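The structure file work21.txt is reproduced below (compact mmCIF, C-alpha atoms).
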```txt
# COMPACT_ATOMS: atom_id res chain seq x y z
CA MET A 1205 0.71 -20.68 52.55
CA PRO A 1206 4.28 -19.98 51.38
CA LYS A 1207 6.61 -17.78 53.39
CA ILE A 1208 9.25 -15.89 51.46
CA SER A 1209 12.22 -13.91 52.68
CA PRO A 1210 11.86 -10.17 52.03
CA ASP A 1211 15.04 -10.00 49.93
CA THR A 1212 13.99 -12.94 47.75
CA LEU A 1213 10.51 -11.51 47.22
CA GLN A 1214 11.82 -8.05 46.41
CA PHE A 1215 14.29 -9.43 43.84
CA PHE A 1216 11.55 -11.55 42.23
CA ILE A 1217 9.06 -8.67 41.99
CA GLY A 1218 11.71 -6.34 40.61
CA ASN A 1219 12.47 -8.87 37.87
CA LEU A 1220 8.77 -9.10 37.00
CA PHE A 1221 8.59 -5.35 36.49
CA GLU A 1222 11.83 -5.23 34.51
CA ALA A 1223 10.52 -7.98 32.22
CA SER A 1224 7.48 -5.77 31.61
CA GLY A 1225 9.53 -2.85 30.36
CA THR A 1226 10.24 -1.05 33.63
CA PRO A 1227 13.66 0.60 34.03
CA SER A 1228 15.78 -1.13 36.65
CA ALA A 1229 15.78 1.78 39.11
CA HIS A 1230 11.99 2.10 38.99
CA ALA A 1231 11.49 -1.65 39.24
CA ASP A 1232 13.70 -1.85 42.32
CA GLN A 1233 11.98 1.10 43.99
CA VAL A 1234 8.45 -0.19 43.39
CA ALA A 1235 9.36 -3.73 44.47
CA LYS A 1236 10.99 -2.42 47.64
CA SER A 1237 7.94 -0.31 48.47
CA LEU A 1238 5.50 -3.18 47.94
CA VAL A 1239 7.55 -5.60 50.03
CA LYS A 1240 7.89 -2.96 52.74
CA ALA A 1241 4.10 -2.82 52.94
CA ASN A 1242 3.98 -6.62 53.33
CA LEU A 1243 6.61 -6.43 56.05
CA ALA A 1244 4.50 -3.88 57.91
CA GLY A 1245 1.55 -6.27 57.80
CA HIS A 1246 -0.36 -4.24 55.21
CA ASP A 1247 -0.68 -7.02 52.64
CA SER A 1248 -3.43 -4.97 50.98
CA HIS A 1249 -0.73 -2.60 49.70
CA GLY A 1250 1.94 -5.23 49.09
CA VAL A 1251 2.72 -7.66 46.28
CA VAL A 1252 -0.97 -8.53 45.89
CA ARG A 1253 -0.94 -5.37 43.75
CA VAL A 1254 1.62 -6.69 41.27
CA PRO A 1255 -0.84 -8.37 38.86
CA GLN A 1256 -2.90 -5.17 38.87
CA TYR A 1257 0.15 -3.06 38.00
CA LEU A 1258 1.27 -5.48 35.28
CA GLU A 1259 -2.20 -5.43 33.72
CA MET A 1260 -2.18 -1.64 33.73
CA ILE A 1261 1.18 -1.65 31.95
CA GLN A 1262 -0.22 -4.00 29.31
CA GLN A 1263 -3.30 -1.83 28.88
CA GLY A 1264 -1.21 1.33 28.56
CA THR A 1265 -2.81 3.05 31.54
CA LEU A 1266 0.47 2.89 33.52
CA ASP A 1267 3.71 4.05 31.92
CA PRO A 1268 6.54 2.21 33.71
CA LYS A 1269 9.17 4.51 32.19
CA ALA A 1270 7.54 7.81 33.13
CA GLU A 1271 9.55 10.25 35.24
CA PRO A 1272 7.65 12.71 37.45
CA SER A 1273 8.32 16.36 36.70
CA ILE A 1274 7.76 19.67 38.45
CA VAL A 1275 5.31 21.75 36.44
CA SER A 1276 5.07 24.81 38.69
CA GLU A 1277 6.56 26.33 41.83
CA ARG A 1278 5.29 29.27 43.83
CA GLY A 1279 7.17 29.80 47.05
CA ALA A 1280 6.43 26.89 49.36
CA VAL A 1281 3.99 25.28 46.91
CA THR A 1282 5.04 22.82 44.20
CA MET A 1283 2.96 21.01 41.59
CA LEU A 1284 4.26 17.73 40.23
CA ASP A 1285 2.96 15.68 37.28
CA ALA A 1286 3.56 11.90 37.48
CA HIS A 1287 2.71 11.44 33.77
CA LYS A 1288 0.75 8.27 34.69
CA GLY A 1289 3.90 6.59 35.97
CA PHE A 1290 4.42 4.44 39.03
CA GLY A 1291 2.95 6.13 42.08
CA GLN A 1292 5.77 4.95 44.32
CA VAL A 1293 8.31 6.73 42.12
CA ALA A 1294 6.25 9.93 41.93
CA ALA A 1295 5.30 9.99 45.61
CA ARG A 1296 8.91 9.64 46.73
CA ARG A 1297 9.90 12.56 44.51
CA ALA A 1298 6.95 14.65 45.71
CA ILE A 1299 7.53 14.14 49.42
CA GLN A 1300 11.27 14.76 49.06
CA VAL A 1301 10.61 18.09 47.33
CA THR A 1302 8.27 18.98 50.22
CA ILE A 1303 10.80 17.93 52.86
CA ASP A 1304 13.52 20.00 51.20
CA LYS A 1305 11.39 23.15 51.02
CA ALA A 1306 9.87 23.01 54.51
CA PRO A 1307 12.94 24.42 56.37
CA ILE A 1308 13.11 27.30 53.91
CA HIS A 1309 9.54 28.46 54.37
CA GLY A 1310 8.55 26.92 57.72
CA LEU A 1311 6.21 24.60 55.88
CA ALA A 1312 5.77 23.34 52.33
CA ALA A 1313 3.08 21.70 50.23
CA THR A 1314 3.27 19.64 47.05
CA GLY A 1315 0.40 18.57 44.84
CA LEU A 1316 0.87 15.36 42.87
CA TYR A 1317 -1.43 14.38 40.01
CA ASN A 1318 -1.63 11.91 37.09
CA SER A 1319 -0.08 9.32 39.39
CA GLY A 1320 -0.41 5.58 39.50
CA HIS A 1321 -1.26 3.91 42.81
CA VAL A 1322 1.12 5.45 45.37
CA GLY A 1323 1.07 2.38 47.60
CA ARG A 1324 1.05 2.79 51.35
CA LEU A 1325 0.61 6.52 51.99
CA GLY A 1326 2.31 6.30 55.39
CA GLU A 1327 5.59 5.30 53.78
CA TRP A 1328 5.91 8.82 52.42
CA THR A 1329 4.78 10.85 55.41
CA GLU A 1330 7.13 8.78 57.58
CA MET A 1331 10.04 10.01 55.46
CA ALA A 1332 9.30 13.55 56.63
CA ALA A 1333 9.14 12.54 60.29
CA LYS A 1334 12.45 10.70 60.05
CA GLU A 1335 14.02 13.96 58.90
CA GLY A 1336 12.59 15.90 61.83
CA GLY A 1337 9.43 17.30 60.24
CA ILE A 1338 5.74 16.53 60.54
CA GLY A 1339 4.42 14.86 57.40
CA LEU A 1340 0.80 15.01 56.25
CA GLY A 1341 -0.68 13.19 53.27
CA PHE A 1342 -4.13 13.48 51.71
CA CYS A 1343 -4.86 11.08 48.85
CA ASN A 1344 -7.80 10.48 46.55
CA THR A 1345 -7.85 7.15 44.80
CA GLY A 1346 -9.92 4.68 42.92
CA ARG A 1347 -11.55 4.01 39.63
CA PRO A 1348 -14.09 6.16 37.75
CA GLY A 1349 -17.34 6.09 39.68
CA GLY A 1350 -15.58 5.16 42.91
CA LEU A 1351 -15.84 2.16 45.19
CA VAL A 1352 -17.13 3.61 48.48
CA ALA A 1353 -20.67 4.73 49.23
CA PRO A 1354 -21.28 7.97 51.16
CA PHE A 1355 -22.90 7.63 54.58
CA GLY A 1356 -26.58 6.89 54.07
CA GLY A 1357 -26.06 6.03 50.39
CA ALA A 1358 -26.17 2.79 48.42
CA GLU A 1359 -24.10 3.66 45.36
CA ARG A 1360 -20.40 4.20 44.77
CA ARG A 1361 -19.06 7.75 44.92
CA PHE A 1362 -15.54 7.76 46.48
CA GLY A 1363 -12.25 5.96 46.33
CA THR A 1364 -10.86 4.59 49.59
CA ASN A 1365 -9.17 8.00 49.96
CA PRO A 1366 -6.53 7.48 52.67
CA ILE A 1367 -5.14 10.06 55.07
CA SER A 1368 -1.77 9.90 56.81
CA ALA A 1369 0.31 11.81 59.33
CA ALA A 1370 3.74 11.06 60.77
CA VAL A 1371 5.17 12.81 63.83
CA PRO A 1372 8.70 12.44 65.22
CA GLN A 1373 9.48 11.81 68.89
CA GLU A 1374 12.61 11.48 70.97
CA GLY A 1375 14.12 8.01 71.28
CA SER A 1376 11.42 6.13 69.34
CA PRO A 1377 10.24 5.70 65.75
CA PRO A 1378 7.70 8.26 64.53
CA VAL A 1379 4.06 8.07 65.47
CA LEU A 1380 2.53 6.97 62.16
CA ILE A 1381 -1.16 7.40 61.39
CA ASP A 1382 -2.29 5.93 58.07
CA PHE A 1383 -5.76 4.68 57.24
CA ALA A 1384 -8.38 4.54 54.52
CA THR A 1385 -11.47 6.65 55.01
CA SER A 1386 -13.49 3.56 54.10
CA VAL A 1387 -14.03 0.89 56.78
CA VAL A 1388 -11.03 -0.95 55.32
CA ALA A 1389 -8.79 -0.52 52.31
CA GLU A 1390 -10.02 -2.23 49.15
CA GLY A 1391 -6.85 -4.30 49.12
CA LYS A 1392 -7.88 -5.98 52.38
CA ILE A 1393 -11.03 -7.23 50.63
CA ARG A 1394 -8.83 -8.41 47.75
CA VAL A 1395 -6.59 -10.31 50.20
CA ALA A 1396 -9.63 -11.99 51.78
CA LYS A 1397 -10.96 -12.91 48.33
CA ASN A 1398 -7.65 -14.46 47.32
CA ALA A 1399 -7.49 -16.40 50.57
CA GLY A 1400 -11.08 -17.62 50.22
CA ASN A 1401 -12.10 -16.04 53.51
CA PRO A 1402 -15.31 -14.19 54.40
CA ILE A 1403 -15.05 -10.65 55.72
CA PRO A 1404 -16.65 -9.27 58.89
CA GLU A 1405 -20.08 -7.70 58.68
CA GLY A 1406 -20.35 -3.96 58.26
CA ARG A 1407 -17.64 -3.55 55.64
CA ILE A 1408 -19.31 -3.89 52.25
CA LEU A 1409 -22.71 -3.84 50.59
CA ASN A 1410 -23.59 -5.93 47.55
CA ALA A 1411 -24.89 -4.47 44.30
CA GLN A 1412 -28.43 -4.40 45.74
CA GLY A 1413 -27.27 -2.34 48.73
CA ASP A 1414 -27.51 -5.18 51.23
CA GLN A 1415 -24.80 -6.00 53.78
CA THR A 1416 -22.68 -9.02 52.87
CA THR A 1417 -19.64 -10.93 54.10
CA GLU A 1418 -18.72 -12.33 50.67
CA PRO A 1419 -15.64 -10.50 49.29
CA ASN A 1420 -16.57 -11.25 45.68
CA ASP A 1421 -19.71 -9.14 46.08
CA LEU A 1422 -17.53 -6.03 46.12
CA TYR A 1423 -16.21 -6.87 42.67
CA GLY A 1424 -19.68 -7.68 41.38
CA GLY A 1425 -20.96 -4.13 41.68
CA GLY A 1426 -20.91 -3.84 45.46
CA MET A 1427 -19.45 -1.03 47.52
CA LEU A 1428 -17.35 -0.36 50.59
CA LEU A 1429 -18.82 1.54 53.51
CA PRO A 1430 -17.21 4.67 54.98
CA ALA A 1431 -15.31 4.36 58.26
CA ALA A 1432 -17.15 5.55 61.37
CA GLU A 1433 -20.27 6.35 59.35
CA HIS A 1434 -20.57 10.13 58.76
CA LYS A 1435 -17.03 10.79 60.01
CA GLY A 1436 -15.30 8.64 57.43
CA TYR A 1437 -17.66 9.95 54.76
CA SER A 1438 -16.70 13.52 55.64
CA LEU A 1439 -12.99 12.66 55.51
CA ALA A 1440 -13.43 10.90 52.16
CA LEU A 1441 -15.01 14.04 50.76
CA LEU A 1442 -12.14 16.13 52.16
CA MET A 1443 -9.58 13.82 50.52
CA ASP A 1444 -11.28 14.38 47.16
CA MET A 1445 -11.24 18.14 47.75
CA LEU A 1446 -7.56 18.25 48.81
CA GLY A 1447 -5.88 15.28 47.14
CA GLY A 1448 -7.94 15.45 43.96
CA ILE A 1449 -9.63 18.71 43.07
CA LEU A 1450 -6.96 20.99 44.56
CA THR A 1451 -4.20 19.15 42.69
CA SER A 1452 -6.32 19.10 39.48
CA GLY A 1453 -6.59 15.32 39.70
CA GLY A 1454 -10.39 15.32 39.88
CA ALA A 1455 -12.58 12.95 41.87
CA ALA A 1456 -13.99 9.49 41.26
CA ALA A 1457 -17.59 10.71 41.29
CA LEU A 1458 -16.98 13.19 38.45
CA PRO A 1459 -17.14 12.18 34.78
CA THR A 1460 -13.64 13.46 33.95
CA PHE A 1461 -11.84 11.27 36.53
CA GLY A 1462 -9.05 9.18 35.03
CA ALA A 1463 -8.44 6.38 37.56
CA VAL A 1464 -5.26 7.96 38.90
CA ASN A 1465 -4.07 8.99 42.35
CA GLY A 1466 -3.95 12.61 43.44
CA VAL A 1467 -2.01 13.52 46.58
CA LEU A 1468 -1.41 16.64 48.62
CA PHE A 1469 1.68 16.42 50.82
CA ILE A 1470 2.34 18.98 53.53
CA VAL A 1471 5.46 19.07 55.69
CA LEU A 1472 5.74 21.27 58.78
CA ASP A 1473 9.19 22.35 59.90
CA ILE A 1474 8.94 21.98 63.67
CA GLN A 1475 11.72 24.48 64.31
CA ALA A 1476 9.59 27.21 62.74
CA PHE A 1477 7.16 26.71 65.62
CA ARG A 1478 9.40 25.86 68.59
CA PRO A 1479 12.81 24.31 69.37
CA LEU A 1480 12.97 20.84 67.82
CA ALA A 1481 14.49 19.19 70.89
CA ASP A 1482 11.68 20.49 73.12
CA TYR A 1483 9.04 19.19 70.73
CA LEU A 1484 10.63 15.75 70.44
CA THR A 1485 10.91 15.43 74.21
CA GLU A 1486 7.32 16.47 74.83
CA SER A 1487 5.88 14.27 72.08
CA ALA A 1488 7.77 11.30 73.55
CA ALA A 1489 6.43 12.14 77.02
CA LEU A 1490 2.90 12.16 75.64
CA THR A 1491 3.19 8.75 73.96
CA ALA A 1492 4.81 7.33 77.11
CA LYS A 1493 1.85 8.54 79.14
CA ILE A 1494 -0.55 6.97 76.63
CA LYS A 1495 1.36 3.68 76.87
CA GLU A 1496 0.84 3.69 80.64
CA THR A 1497 -2.93 3.48 80.22
CA PRO A 1498 -4.30 0.29 81.83
CA PRO A 1499 -5.60 -2.04 79.10
CA ALA A 1500 -9.33 -2.62 78.78
CA PRO A 1501 -10.74 -6.16 79.06
CA GLY A 1502 -9.67 -8.21 76.06
CA PHE A 1503 -6.56 -6.14 75.41
CA GLU A 1504 -2.98 -6.73 76.53
CA GLU A 1505 -1.74 -3.16 76.12
CA VAL A 1506 -2.40 0.20 74.50
CA LEU A 1507 -0.51 0.58 71.24
CA ILE A 1508 0.76 3.80 69.69
CA PRO A 1509 -0.05 4.24 65.98
CA GLY A 1510 2.81 2.66 64.04
CA GLU A 1511 3.66 0.06 66.70
CA PRO A 1512 1.78 -2.82 65.04
CA GLU A 1513 3.68 -2.18 61.81
CA LEU A 1514 7.03 -2.15 63.58
CA ARG A 1515 6.29 -5.44 65.30
CA SER A 1516 5.08 -7.02 62.08
CA THR A 1517 8.23 -5.88 60.29
CA GLU A 1518 10.45 -7.44 62.96
CA GLU A 1519 8.50 -10.71 62.84
CA ARG A 1520 8.42 -10.98 59.06
CA GLN A 1521 12.06 -10.02 58.68
CA ARG A 1522 12.92 -13.03 60.85
CA HIS A 1523 10.41 -15.58 59.60
CA GLY A 1524 9.47 -14.47 56.09
CA ILE A 1525 6.44 -12.87 54.46
CA PRO A 1526 3.37 -15.13 54.24
CA LEU A 1527 1.45 -15.07 50.96
CA ASP A 1528 -1.87 -16.78 50.29
CA GLU A 1529 -1.91 -19.44 47.59
CA THR A 1530 -3.88 -17.33 45.10
CA THR A 1531 -1.53 -14.36 45.31
CA TRP A 1532 1.52 -16.60 44.96
CA SER A 1533 -0.07 -18.47 42.03
CA ASP A 1534 -0.83 -15.15 40.31
CA LEU A 1535 2.80 -14.09 40.70
CA VAL A 1536 4.07 -17.43 39.35
CA ASP A 1537 1.73 -17.16 36.35
CA ALA A 1538 3.00 -13.63 35.67
CA ALA A 1539 6.57 -14.89 35.86
CA ASP A 1540 5.91 -17.79 33.50
CA ALA A 1541 4.29 -15.43 30.99
CA ARG A 1542 7.37 -13.19 31.02
CA GLY A 1543 10.13 -15.77 31.22
CA VAL A 1544 11.12 -14.72 34.75
CA ALA A 1545 12.67 -17.32 37.04
CA VAL A 1546 10.55 -18.23 40.07
CA PRO A 1547 12.43 -18.47 43.38
CA GLU A 1548 13.18 -22.07 44.25
CA GLY A 1549 12.13 -23.82 47.43
CA ILE A 1550 8.95 -21.82 47.99
```

Render the structure in this file as structure tokens.
Amino acid sequence: MPKISPDTLQFFIGNLFEASGTPSAHADQVAKSLVKANLAGHDSHGVVRVPQYLEMIQQGTLDPKAEPSIVSERGAVTMLDAHKGFGQVAARRAIQVTIDKAPIHGLAATGLYNSGHVGRLGEWTEMAAKEGGIGLGFCNTGRPGGLVAPFGGAERRFGTNPISAAVPQEGSPPVLIDFATSVVAEGKIRVAKNAGNPIPEGRILNAQGDQTTEPNDLYGGGMLLPAAEHKGYSLALLMDMLGGILTSGGAAALPTFGAVNGVLFIVLDIQAFRPLADYLTESAALTAKIKETPPAPGFEEVLIPGEPELRSTEERQRHGIPLDETTWSDLVDAADARGVAVPEGI
């Protein structure tokens, strides 16, 4: 399993996108976002996605040159069309618009539609928290027909439909909540497939509706299960209602869905509710109290949401990002096909 320095990997991925007709600024931004996901330990949203993006460019379903544009504004509400461009480019623009408007109105909301895969949703809500706001993200994803079965069902209806929230606190990085409403993100099954590893029970069903631990079964007509049974199912439905239907992006279960991401971002300006310093102090006191909880058997400590990602980033910055052989081989093949130099010594 090769380990690659973040800077080397980001430069390589950026070159792959540029060689596929992506403007330099977009290529750099998407590469940085993907590598950042790998650094955080979320390989499901990292460079494993590159072959998928490149294929979409070739098929014409992803326009690497598209610039997101604001199509309507009404007070605190903005609607933004990604024009089927890179989701990372569109999501950054959408959350920044929301961050900028929140202090004016006390809160702000932006609907994003016609977007490519936005990557790790928490990257965008965290931007709001780092600027002193509370960031919320509701995303509907997937392909037509979906990939996730509703609770009690044995047929695809939803995308993995993630939800995210980021909250600032005094003296520490933001509390960052970011998870798929399916048991796991589809990309985690993809990573297991590439690595040749089985997956734990209770994550997917095969095409016949039976539980399976074989990752390939998902891609042979199988389906992911919702997280926490009826709870994840309910959240998945809410993500379709907010991230998809409200933004006019549709939903995977409906015949008009176009295999794009729809996102609703909301940013709360804390100072519209109470003094910012008081909030930051109290939120930090709460997480400190949570951290004091004695660990249960089998655990070393209680972690605050976002801590595992911070620790992974520190580790991988020092020692490199590990990639399974299949993912690395796919990237090398893509480079060879485009005349892009492969980093030496990997």

Which neighbours of range 1476-1479 of chain A fall inside 10 Å, counting all atoms listed in the file, when residues of the same chain fewer than 2 positions from it are skipped, and could you give them as a list in words?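 Residues meeting the cut-off are Ala1306, Pro1307, Ile1308, His1309, Gly1310, Leu1311, Leu1472, Asp1473, Ile1474, Ala1481, Asp1482, Tyr1483 and Leu1484 of chain A.
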
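The residue that comes closest to Ala1463 in chain A, out of A:Thr1385, A:Ser1228, A:Asn1410, A:Ser1319 and on the basis of all atoms listed in the file, is A:Ser1319.
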
Of the listed residues A:Val1387, A:Ala1332, A:Ile1381, A:Ala1298, that which approaches Pro1512 in chain A most closely, counting all atoms listed in the file: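 With all atoms listed in the file as the atom set, the closest residue is A:Ile1381.
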
Tell me, as a ChimeraX atom specification, which residues lie within 8 Å of range 1449-1451 of chain A, counting only C-alpha atoms; anything in the same chain fewer than 5 positions away does not count. /A:1283,1315-1317,1444,1466-1468

For Asp1540 in chain A, which of A:Thr1416, A:Pro1372, A:Ala1223, A:Ala1384 is the closest residue, counting only C-alpha atoms?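 Counting only C-alpha atoms, the residue closest to Asp1540 in chain A is A:Ala1223.
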
d(CA of Gly1406 in chain A, CA of Pro1459 in chain A) in Å: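 According to the coordinates, CA of Gly1406 in chain A and CA of Pro1459 in chain A are separated by 28.7 Å.
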
For a cut-off of 6 Å around (-4.3, 7.1, 49.5), file coordinates, pick out all residues using all atoms listed in the file and list them as a list in words. Leu1325, Cys1343, Asn1344, Thr1345, Asn1365 and Pro1366 of chain A

Which neighbours of Ala1389 in chain A fall inside 10 Å, counting all atoms listed in the file, when residues of the same chain fewer than 4 positions from it are skipped, and could you give them as a list in words?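 That gives His1246, Ser1248, His1249, Gly1363, Thr1364, Asn1365, Pro1366, Phe1383, Ala1384, Thr1385, Ile1393, Arg1394, Arg1407 and Leu1428 of chain A.
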
Between CA of Ile1299 in chain A and CA of Val1322 in chain A, measure the distance and give it in Å to one decimal.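 These two atoms are separated by 11.5 Å.
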
May I have the residues within 12 Å of Gln1214 in chain A as a list in words, using only C-alpha atoms and disregarding those fewer than 5 positions away in the same chain? Ile1208, Ser1209, Asn1219, Leu1220, Phe1221, Ala1231, Asp1232, Gln1233, Val1234, Ala1235, Lys1236, Ser1237, Leu1238, Val1239, Lys1240, Ala1241, Asn1242, Leu1243, Gly1250, Val1251, Val1254, Gly1524, Ile1525 and Pro1547 of chain A

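The coordinates place CA of Ile1367 in chain A at 16.8 Å from CA of Thr1302 in chain A.
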
Please provide as a VMD selection string all residues within 10 Å of Phe1461 in chain A, with the sequence filter that same-chain residues fewer than 4 positions apart are discarded (counting all atoms listed in the file). chain A and resid 1346 to 1350 1448 1453 to 1457 1465

Selected residues written out with C-alpha atoms, as a CSV table (one decimal), in the frame of the given file:
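See out.csv below for the written result:
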```csv
chain,number,residue,atom,x,y,z
A,1346,GLY,CA,-9.9,4.7,42.9
A,1347,ARG,CA,-11.6,4.0,39.6
A,1348,PRO,CA,-14.1,6.2,37.8
A,1349,GLY,CA,-17.3,6.1,39.7
A,1350,GLY,CA,-15.6,5.2,42.9
A,1448,GLY,CA,-7.9,15.4,44.0
A,1453,GLY,CA,-6.6,15.3,39.7
A,1454,GLY,CA,-10.4,15.3,39.9
A,1455,ALA,CA,-12.6,13.0,41.9
A,1456,ALA,CA,-14.0,9.5,41.3
A,1457,ALA,CA,-17.6,10.7,41.3
A,1465,ASN,CA,-4.1,9.0,42.4
```

Compare A:Ser1487, A:Thr1329, A:Gln1475, A:Gln1415 by their minimum atom-to-atom distance to Ser1368 in chain A, counting all atoms listed in the file, and give me the closest one.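 Smallest separation from Ser1368 in chain A among the options: A:Thr1329.
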
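Counting all atoms listed in the file and comparing A:Leu1490, A:Leu1441, A:Ala1369, A:Val1252, the residue that lies closest to Lys1397 in chain A is A:Val1252.
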